[in-house]
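Asker: Sharing a structure here in structure tokens format.
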Amino acid sequence: MTTSLAVPQHDEEAIADQQVHFDVAIIGSGFAGLGMGYRLGQAGIEDFTILERADGVGGAWWWNTYPGCQCDIPSHLYSFSFAPNPDWTRTYPLGEEIQVYLHQCAEELGLVPHIRFGHEVQRASWDDRACRWQIQTSRGTITARVLVGGHGGLSEPRLPDIPGRDSFRGRSFHSAQWDHSVELAGKRVAVLGTGASAIQIVPSIQPKVARLHVFQRTPPWIMPHTDRPITKLERRLYRRFPQLQRIPRAFAYLLREGASPAFTRNISLLTPLEQRARLHLKKQVKDPELREKLTPTYRIGCKRILPSNKWYPAIQQDNVEIVTDGVAAITPSGIRTTGGAEHEIDVIVYATGFHATDLPIAHRIVGRDGKTLNDAWRGSPLAHKNSTVPGYPNLFFVHGLNTGYSSMVFMIESQLNYVDDALRTMRDHGIQTVDVKEDAFRSWNDAIQDRMPPTVWSSGGCSSWYIDQNGLTTAVWPNFTWRFRWLTRRFDPEAYRVQPIPTAIPLEGMLETSCAHAHSGADG
Ligand code: NAP
């Protein structure tokens with residue numbers, strides 16, 4: 001990978017001159033936003049903008065720069081199908097390589113001129129008179145006929161609600177907001193959490209810190225990692241014969257697809273995986289007391305399964321302590337546990353996850369009734385085809401709602417098919433707005449929730465970010481991912497109340513006459 005990561009400069013005058021109305025506005029320039037931009041271009045829709053609050057593309061992969069950051073989905077599957085990358089250096093991609101890959105995609109797919117960096121969406125409200133979204137950003141207001149939410153579910157760091165957090169006198173930051181100006185060498189460092197981020201951070205910083213206190217609330221299931229460098233010969237072959245990359249991609253896809261019934265239908269099939277993980281623990285941790293502390297008490301897969309060959313060795317080093325007592329308080333000089341122990345700390349790293357099912361953006365999106373999406377969802381972020389919500393016309397989500405499982409890039413591309421077909425249908429039939437019917441929204445989500453009880457995410461005996469505050473499992477897809485691909489292959493106009501552009505050719509029996517009329521029309 002050779003692409004430079006030049007940070008675009010903001011020119012205030014140029015911003016003032018910028019276009020203010022678009023056919024489509026996309027929030028976020030991660031996989032979802034860039035993929036959507038690419039598909040719009042393919043559909044001949046050039047009048048779009050991508051609003052990105054950061055100074056570069058990548059979304060989660062722009063923000064997460066913590067030491068050891070690496071994806072646990074294989075490289076060839078964690079890429080767009082339309083932009084294979086022969087340059088991956090490892091079988092599981094490093095965080096910075098993914099960011100470079102996305103930067104290259106943005107450049108090579110001609111998306112950079114469409115992106116407005118440093119534009120954070122502060123509020124987006126549906127204007128029912130003008131039939132368009134009014135989008136207030138940190139650098140001015142624009143309007144758009146269609147709004148696409150490409151921000152995903154892991155874009156807002158979650159800091160734990162622990163008494164005294166603000167009183168801490170040392171340095172502290174979230175794993176997704178790593179402060180590279182803080183020198184960790186020789187420091188007493190605390191890492192809160194033992195999830196996907198923490199198990200990569202800890203082995204990376206352990207050799208340099210003086211003391212490392214790892215606060216574990218729930219032990220994760222750890223599997224042996226099969227990560228390895230991709231040889232120069234392999235890379236040369238992939239460059240010369242790009243189709244060859246389809247082989248590891250298909251293999252990785254089928255492996256995950258083949259495992260789907262164990263996660264979604266019959267969790268007793270997970271037993272061999274648990275045995276494999278226990279063996280890994282036994283091989284790497286000889287001390288039975290420590291092993292006991294590190295043994296999960298819920299079914300494997302209930303929380304994300306974490307691949308690592310480095311985690312157990314790192315936490316057994318002399319300068320590391322696994323603390324299993326709860327965190328009672330943060331004090332000016334460290335952390336006090338529920339057992340009363342005081343840990344003197346210089347730097348606290350919060351590897352405590354994200355607001356995945358209580359998306360802060362939902363407070364900023366206001367629909368037809370003047371109601372925020374957060375009020376409409378009341379704690380359960382749901383959407384028809386995991387994409388559209390009644391009362392929020394011309395708003396499409398790509399990723400983040402009931403789409404987790406296997407490679408999220410695969411799921412994103414499925415949703416891109418759906419949104420792409422929706423926009424083509426709207427264009428070809430002169431449709432101004434689409435607003436999903438309540439009953440279609442309900443039956444799609446009922447069908448998803450009906451499948452949840454036997455899944456490991458609902459019945460595996462853990463609490464995880466896949467489950468929302470109402471107890472619904474709203475972050476994962478409870479079926480084969482090819483099934484989602486099939487169900488989202490086409491837009492389904494019959495599930496929507498649609499309103500024509502005045503003088504357009506009607507789509508038989510489906511058109512209403514105005515935004516306001518469509519709003520008051522009966523469901524069904
Ligand atoms: P996470 O999986 O949500 O883990 C958060 C950790 O913080 C958990 O161990 C949690 O304990 C702990 N925690 C939360 N509040 C706490 C508190 N008050 N006191 C003590 N511990 C507390 O977050 P993450 O590790 O950032 O990962 C989030 C998601 O990002 C992953 O599931 C994955 O989808 C993605 N991700 C992927 C990769 C990868 O591909 N390798 C890497 C990083 C992130 P409990 O378990 O008890 O709740």
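Following the order of the structure tokens, first chain is A, next is B, and so on, with residues numbered from 1 inside each chain and ligands from 1 in the order they appear.
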For Asn309 of chain A, list every protein, DNA or RNA residue within 12 Å, evaluated using only C-alpha atoms, and leave out those in the same chain fewer than 6 positions away; present the list as a ChimeraX atom specification.
Answerer: /A:199-200,203,222-228,277,280-281,283-285,315
Asker: Using only C-alpha atoms, which residues sit within 12 Å of Gly370 of chain A once same-chain residues fewer than 2 positions away are excluded, as a PyMOL selection string?
Answerer: chain A and resi 123-128+363-368+372-376+391-392
Asker: So that I can see what lies close to segment 471-475 of chain A, please list as JSON, numbers by chain the residues with an atom at most 6 Å from it, counting only C-alpha atoms and leaving out residues fewer than 3 positions away in the same chain.
Answerer: {"A": [401, 402, 404, 466, 467, 468]}
Asker: Write the residues of the selection above to a file with N, CA and C atoms, as a PDB file, in the first residue's frame.
Answerer:
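As a result, selection.pdb now contains:
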ATOM      1  N   LEU A 401     -28.364  -1.911  11.829  1.00  0.00           N
ATOM      2  CA  LEU A 401     -29.591  -2.394  12.462  1.00  0.00           C
ATOM      3  C   LEU A 401     -29.809  -3.857  12.069  1.00  0.00           C
ATOM      4  N   ASN A 402     -29.702  -4.751  13.036  1.00  0.00           N
ATOM      5  CA  ASN A 402     -29.908  -6.198  12.790  1.00  0.00           C
ATOM      6  C   ASN A 402     -29.105  -6.741  11.594  1.00  0.00           C
ATOM      7  N   GLY A 404     -25.533  -7.497  11.933  1.00  0.00           N
ATOM      8  CA  GLY A 404     -24.262  -8.114  12.336  1.00  0.00           C
ATOM      9  C   GLY A 404     -24.255  -9.607  12.091  1.00  0.00           C
ATOM     10  N   TYR A 466     -25.471  -6.634  21.640  1.00  0.00           N
ATOM     11  CA  TYR A 466     -26.417  -7.037  20.589  1.00  0.00           C
ATOM     12  C   TYR A 466     -27.858  -6.854  21.068  1.00  0.00           C
ATOM     13  N   ILE A 467     -28.026  -6.739  22.398  1.00  0.00           N
ATOM     14  CA  ILE A 467     -29.369  -6.669  22.974  1.00  0.00           C
ATOM     15  C   ILE A 467     -29.645  -5.238  23.431  1.00  0.00           C
ATOM     16  N   ASP A 468     -30.816  -4.717  23.052  1.00  0.00           N
ATOM     17  CA  ASP A 468     -31.095  -3.319  23.387  1.00  0.00           C
ATOM     18  C   ASP A 468     -31.756  -3.192  24.760  1.00  0.00           C
TER      19      ASP A 468
END
Asker: Considering only C-alpha atoms, can you say which of A:Ile412, A:Ile230, A:Arg265, A:Glu438 comes closest to Ser459 of chain A?
Answerer: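 Smallest separation from Ser459 of chain A among the options: A:Arg265.
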Asker: Give me, as number ranges by chain, the set of residues whose atoms come within 9 Å of any atom of ligand 1, counting only C-alpha atoms and all ligand atoms.
Answerer: A: 60, 64, 69-73, 92-93, 95, 153-154, 157-162, 174-176, 191-200, 215-220, 303-307, 326-328, 350-356, 404, 462-466
Asker: Quick one: of A:Ser458, A:Ala259, A:Phe396, A:Pro207, who's nearest to Gln316 of chain A, counting only C-alpha atoms?
Answerer: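 Looking at the shortest contact to Gln316 of chain A, the residue is A:Pro207.
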Asker: With a distance cut-off of 9 Å and only C-alpha atoms, select the neighbouring residues of Leu94 of chain A, excluding the residue or stretch itself and same-chain residues fewer than 4 positions from it, and output the selection as a list in words.
Answerer: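 With the cut-off at 9 Å, the set is Gly68, Cys69, Gln70, Cys71, Ser75, Trp88, Thr89, Arg90, Ile98 and Gln99 of chain A.
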Asker: Go ahead and dump the residues you just picked, N, CA, C and O atoms, as a PDB file, in the first residue's frame.
Answerer:
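Output file again_18.pdb is given in full below:
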ATOM      1  N   GLY A  68      -2.214  -2.226  17.935  1.00  0.00           N
ATOM      2  CA  GLY A  68      -2.646  -3.605  17.687  1.00  0.00           C
ATOM      3  C   GLY A  68      -3.949  -3.713  16.928  1.00  0.00           C
ATOM      4  O   GLY A  68      -4.459  -4.828  16.733  1.00  0.00           O
ATOM      5  N   CYS A  69      -4.505  -2.585  16.489  1.00  0.00           N
ATOM      6  CA  CYS A  69      -5.832  -2.614  15.850  1.00  0.00           C
ATOM      7  C   CYS A  69      -5.816  -3.471  14.571  1.00  0.00           C
ATOM      8  O   CYS A  69      -5.035  -3.226  13.652  1.00  0.00           O
ATOM      9  N   GLN A  70      -6.666  -4.455  14.551  1.00  0.00           N
ATOM     10  CA  GLN A  70      -6.705  -5.397  13.427  1.00  0.00           C
ATOM     11  C   GLN A  70      -8.118  -5.964  13.339  1.00  0.00           C
ATOM     12  O   GLN A  70      -8.763  -6.156  14.377  1.00  0.00           O
ATOM     13  N   CYS A  71      -8.575  -6.234  12.131  1.00  0.00           N
ATOM     14  CA  CYS A  71      -9.923  -6.797  11.977  1.00  0.00           C
ATOM     15  C   CYS A  71      -9.873  -8.310  12.173  1.00  0.00           C
ATOM     16  O   CYS A  71      -8.894  -8.955  11.788  1.00  0.00           O
ATOM     17  N   SER A  75      -9.061 -10.781   5.451  1.00  0.00           N
ATOM     18  CA  SER A  75      -8.866  -9.638   4.547  1.00  0.00           C
ATOM     19  C   SER A  75      -9.681  -9.736   3.261  1.00  0.00           C
ATOM     20  O   SER A  75     -10.327  -8.770   2.848  1.00  0.00           O
ATOM     21  N   TRP A  88      -3.210  -6.700   0.499  1.00  0.00           N
ATOM     22  CA  TRP A  88      -3.282  -7.012   1.934  1.00  0.00           C
ATOM     23  C   TRP A  88      -1.999  -7.722   2.348  1.00  0.00           C
ATOM     24  O   TRP A  88      -1.559  -8.650   1.667  1.00  0.00           O
ATOM     25  N   THR A  89      -1.432  -7.306   3.473  1.00  0.00           N
ATOM     26  CA  THR A  89      -0.160  -7.917   3.884  1.00  0.00           C
ATOM     27  C   THR A  89      -0.369  -9.077   4.854  1.00  0.00           C
ATOM     28  O   THR A  89       0.546  -9.844   5.125  1.00  0.00           O
ATOM     29  N   ARG A  90      -1.582  -9.168   5.422  1.00  0.00           N
ATOM     30  CA  ARG A  90      -1.864 -10.264   6.353  1.00  0.00           C
ATOM     31  C   ARG A  90      -3.216 -10.883   6.006  1.00  0.00           C
ATOM     32  O   ARG A  90      -4.047 -10.245   5.347  1.00  0.00           O
ATOM     33  N   ILE A  98      -6.702  -1.124   6.432  1.00  0.00           N
ATOM     34  CA  ILE A  98      -8.101  -0.982   5.992  1.00  0.00           C
ATOM     35  C   ILE A  98      -8.376   0.487   5.683  1.00  0.00           C
ATOM     36  O   ILE A  98      -9.029   0.824   4.691  1.00  0.00           O
ATOM     37  N   GLN A  99      -7.827   1.359   6.538  1.00  0.00           N
ATOM     38  CA  GLN A  99      -8.047   2.790   6.309  1.00  0.00           C
ATOM     39  C   GLN A  99      -7.415   3.204   4.975  1.00  0.00           C
ATOM     40  O   GLN A  99      -8.011   3.939   4.185  1.00  0.00           O
TER      41      GLN A  99
END
Asker: Got a sec: who's within 10 Å of segment 380-388 of chain A, counting only C-alpha atoms, leaving out chain neighbours fewer than 4 positions off, as JSON, numbers by chain?
Answerer: {"A": [148, 149, 356, 357, 358, 359, 362, 373, 374, 375, 376, 392, 393, 394, 395, 396, 397, 398, 399, 400, 401, 402, 403, 415, 416, 418, 419, 434, 435, 436, 437, 438, 439, 440, 441, 442, 443, 444, 445, 448, 467, 468, 469, 470, 471, 472, 473, 474, 475, 477, 484, 487, 488, 491, 492, 495, 496]}
Asker: Atom CA of Ser407 of chain A to atom CA of Arg483 of chain A: how many Å, to one decimal?
Answerer: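 We find that atom CA of Ser407 of chain A and atom CA of Arg483 of chain A lie 14.2 Å from each other.
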Asker: Hey, can you check how far atom CA of Arg129 of chain A sits from atom CA of Gly33 of chain A?
Answerer: 27.4 Å
Asker: Compile the contact shell of segment 335-341 of chain A as a PDB file with N, CA and C atoms, in the first residue's frame: residues with an atom at most 10 Å away, counting only C-alpha atoms, same-chain residues fewer than 3 positions apart removed.
Answerer:
ATOM      1  N   GLY A 164     -16.959   9.146  39.969  1.00  0.00           N
ATOM      2  CA  GLY A 164     -15.628   9.741  40.119  1.00  0.00           C
ATOM      3  C   GLY A 164     -14.827   9.814  38.828  1.00  0.00           C
ATOM      4  N   ARG A 165     -15.460   9.407  37.695  1.00  0.00           N
ATOM      5  CA  ARG A 165     -14.681   9.346  36.439  1.00  0.00           C
ATOM      6  C   ARG A 165     -14.012  10.689  36.122  1.00  0.00           C
ATOM      7  N   PHE A 168     -10.481  11.956  37.971  1.00  0.00           N
ATOM      8  CA  PHE A 168      -9.171  11.342  37.748  1.00  0.00           C
ATOM      9  C   PHE A 168      -8.158  12.409  37.291  1.00  0.00           C
ATOM     10  N   ALA A 190      -4.189   1.385  33.287  1.00  0.00           N
ATOM     11  CA  ALA A 190      -5.367   0.518  33.498  1.00  0.00           C
ATOM     12  C   ALA A 190      -6.102   0.376  32.178  1.00  0.00           C
ATOM     13  N   HIS A 213      -2.950  -2.916  34.628  1.00  0.00           N
ATOM     14  CA  HIS A 213      -4.072  -3.465  35.402  1.00  0.00           C
ATOM     15  C   HIS A 213      -5.230  -3.647  34.426  1.00  0.00           C
ATOM     16  N   PHE A 215      -8.960  -4.676  33.876  1.00  0.00           N
ATOM     17  CA  PHE A 215     -10.193  -4.872  34.643  1.00  0.00           C
ATOM     18  C   PHE A 215     -11.174  -5.693  33.808  1.00  0.00           C
ATOM     19  N   VAL A 323      -7.714  -7.947  37.079  1.00  0.00           N
ATOM     20  CA  VAL A 323      -8.534  -7.606  38.240  1.00  0.00           C
ATOM     21  C   VAL A 323      -9.966  -8.037  37.944  1.00  0.00           C
ATOM     22  N   THR A 324     -10.484  -8.926  38.748  1.00  0.00           N
ATOM     23  CA  THR A 324     -11.844  -9.413  38.479  1.00  0.00           C
ATOM     24  C   THR A 324     -12.878  -8.840  39.452  1.00  0.00           C
ATOM     25  N   ASP A 325     -12.408  -8.125  40.466  1.00  0.00           N
ATOM     26  CA  ASP A 325     -13.369  -7.401  41.307  1.00  0.00           C
ATOM     27  C   ASP A 325     -13.956  -6.275  40.464  1.00  0.00           C
ATOM     28  N   GLY A 326     -15.181  -5.898  40.740  1.00  0.00           N
ATOM     29  CA  GLY A 326     -15.806  -4.810  39.983  1.00  0.00           C
ATOM     30  C   GLY A 326     -15.126  -3.472  40.257  1.00  0.00           C
ATOM     31  N   VAL A 327     -15.358  -2.541  39.343  1.00  0.00           N
ATOM     32  CA  VAL A 327     -14.836  -1.186  39.544  1.00  0.00           C
ATOM     33  C   VAL A 327     -15.876  -0.414  40.349  1.00  0.00           C
ATOM     34  N   ALA A 328     -15.495   0.004  41.565  1.00  0.00           N
ATOM     35  CA  ALA A 328     -16.461   0.724  42.404  1.00  0.00           C
ATOM     36  C   ALA A 328     -16.415   2.219  42.108  1.00  0.00           C
ATOM     37  N   ALA A 329     -15.193   2.730  41.918  1.00  0.00           N
ATOM     38  CA  ALA A 329     -15.069   4.178  41.704  1.00  0.00           C
ATOM     39  C   ALA A 329     -13.734   4.496  41.066  1.00  0.00           C
ATOM     40  N   ILE A 330     -13.728   5.627  40.392  1.00  0.00           N
ATOM     41  CA  ILE A 330     -12.462   6.171  39.908  1.00  0.00           C
ATOM     42  C   ILE A 330     -12.133   7.321  40.844  1.00  0.00           C
ATOM     43  N   THR A 331     -10.904   7.317  41.315  1.00  0.00           N
ATOM     44  CA  THR A 331     -10.484   8.328  42.287  1.00  0.00           C
ATOM     45  C   THR A 331      -9.490   9.261  41.578  1.00  0.00           C
ATOM     46  N   PRO A 332      -9.099  10.354  42.197  1.00  0.00           N
ATOM     47  CA  PRO A 332      -8.129  11.241  41.540  1.00  0.00           C
ATOM     48  C   PRO A 332      -6.834  10.511  41.167  1.00  0.00           C
ATOM     49  N   GLU A 344      -3.204   2.409  42.072  1.00  0.00           N
ATOM     50  CA  GLU A 344      -2.642   3.703  41.676  1.00  0.00           C
ATOM     51  C   GLU A 344      -2.370   3.656  40.175  1.00  0.00           C
ATOM     52  N   ILE A 345      -2.934   4.597  39.434  1.00  0.00           N
ATOM     53  CA  ILE A 345      -2.887   4.540  37.959  1.00  0.00           C
ATOM     54  C   ILE A 345      -2.457   5.895  37.384  1.00  0.00           C
ATOM     55  N   ILE A 348      -5.673   5.778  32.148  1.00  0.00           N
ATOM     56  CA  ILE A 348      -6.798   4.823  32.031  1.00  0.00           C
ATOM     57  C   ILE A 348      -7.234   4.744  30.568  1.00  0.00           C
TER      58      ILE A 348
END
Asker: Measuring atom to atom with only C-alpha atoms, identify which of A:Ala43, A:Ile205, A:Ala185, A:Val20 is nearest to Thr143 of chain A.
Answerer: A:Val20
Asker: Got a sec to tell me which of segment 84-304 of chain A DSSP assigns to helix (DSSP H, G or I), as a PyMOL selection string?
Answerer: chain A and resi 95-108+112-114+165-167+175-177+198-205+232-240+242-264+267-284+288-294
Asker: Using only C-alpha atoms, which protein or nucleic acid residues come within 10 Å of Leu40 of chain A? Drop anything in the same chain fewer than 2 positions from it, and give the result as a list in words.
Answerer: Val24, Leu34, Gly35, Met36, Gly37, Tyr38, Gln42, Ala43, Gly44, Ile45, Glu46, Asp47, Phe48, Leu416, Val419, Asp420, Leu423 and Arg424 of chain A
Asker: Have a look at A:Gly58, A:Gln136, A:Trp311, A:Leu77 and name the one nearest to Gln104 of chain A; count only C-alpha atoms.
Answerer: A:Gly58
Asker: Taking the DSSP assignment computed from this structure's backbone, write out as an mmCIF file with C-alpha atoms, in the first residue's frame all residues of segment 86-195 of chain A that belong to strand (DSSP E or B).
Answerer:
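Resulting contents of part.cif:
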data_model
loop_
_atom_site.group_PDB
_atom_site.id
_atom_site.type_symbol
_atom_site.label_atom_id
_atom_site.label_comp_id
_atom_site.auth_asym_id
_atom_site.auth_seq_id
_atom_site.Cartn_x
_atom_site.Cartn_y
_atom_site.Cartn_z
ATOM 1 C CA ARG A 90 -1.864 -10.264 6.353
ATOM 2 C CA LEU A 94 -4.491 -4.389 10.048
ATOM 3 C CA ILE A 115 -16.983 14.153 0.302
ATOM 4 C CA ARG A 116 -17.323 17.072 2.703
ATOM 5 C CA VAL A 121 -24.535 16.124 11.021
ATOM 6 C CA GLN A 122 -26.120 17.936 13.949
ATOM 7 C CA ARG A 123 -29.734 17.656 12.926
ATOM 8 C CA ALA A 124 -31.618 16.289 9.945
ATOM 9 C CA SER A 125 -35.338 17.069 9.755
ATOM 10 C CA TRP A 126 -37.847 16.061 7.141
ATOM 11 C CA ASP A 127 -39.517 19.057 5.534
ATOM 12 C CA ARG A 132 -36.755 16.978 1.367
ATOM 13 C CA TRP A 133 -34.360 16.605 4.250
ATOM 14 C CA GLN A 134 -33.044 19.757 5.888
ATOM 15 C CA ILE A 135 -29.587 18.820 7.141
ATOM 16 C CA GLN A 136 -27.780 21.029 9.585
ATOM 17 C CA THR A 137 -24.073 20.265 9.754
ATOM 18 C CA GLY A 140 -23.619 24.888 7.318
ATOM 19 C CA THR A 141 -27.012 23.632 6.212
ATOM 20 C CA ILE A 142 -27.849 21.662 3.087
ATOM 21 C CA THR A 143 -30.969 19.950 1.799
ATOM 22 C CA ALA A 144 -31.382 16.594 0.097
ATOM 23 C CA ARG A 145 -34.279 14.619 -1.344
ATOM 24 C CA VAL A 146 -32.850 11.379 0.028
ATOM 25 C CA LEU A 147 -30.800 10.807 3.167
ATOM 26 C CA VAL A 148 -28.665 7.683 3.613
ATOM 27 C CA GLY A 149 -27.380 6.814 7.103
ATOM 28 C CA PRO A 157 -17.653 5.492 21.991
ATOM 29 C CA ARG A 171 -4.678 10.926 31.469
ATOM 30 C CA SER A 172 -7.590 8.876 30.188
ATOM 31 C CA PHE A 173 -9.183 8.152 26.812
ATOM 32 C CA HIS A 174 -11.454 5.697 24.987
ATOM 33 C CA ARG A 188 0.991 2.465 35.396
ATOM 34 C CA VAL A 189 -1.835 1.823 32.965
ATOM 35 C CA ALA A 190 -5.367 0.518 33.498
ATOM 36 C CA VAL A 191 -7.384 -1.053 30.675
ATOM 37 C CA LEU A 192 -11.106 -1.325 31.399
#
Asker: Just how far from atom CA of Gln245 of chain A is atom CA of His76 of chain A, in Å to one decimal?
Answerer: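 One can read the atom CA of His76 of chain A to atom CA of Gln245 of chain A distance as 6.6 Å.
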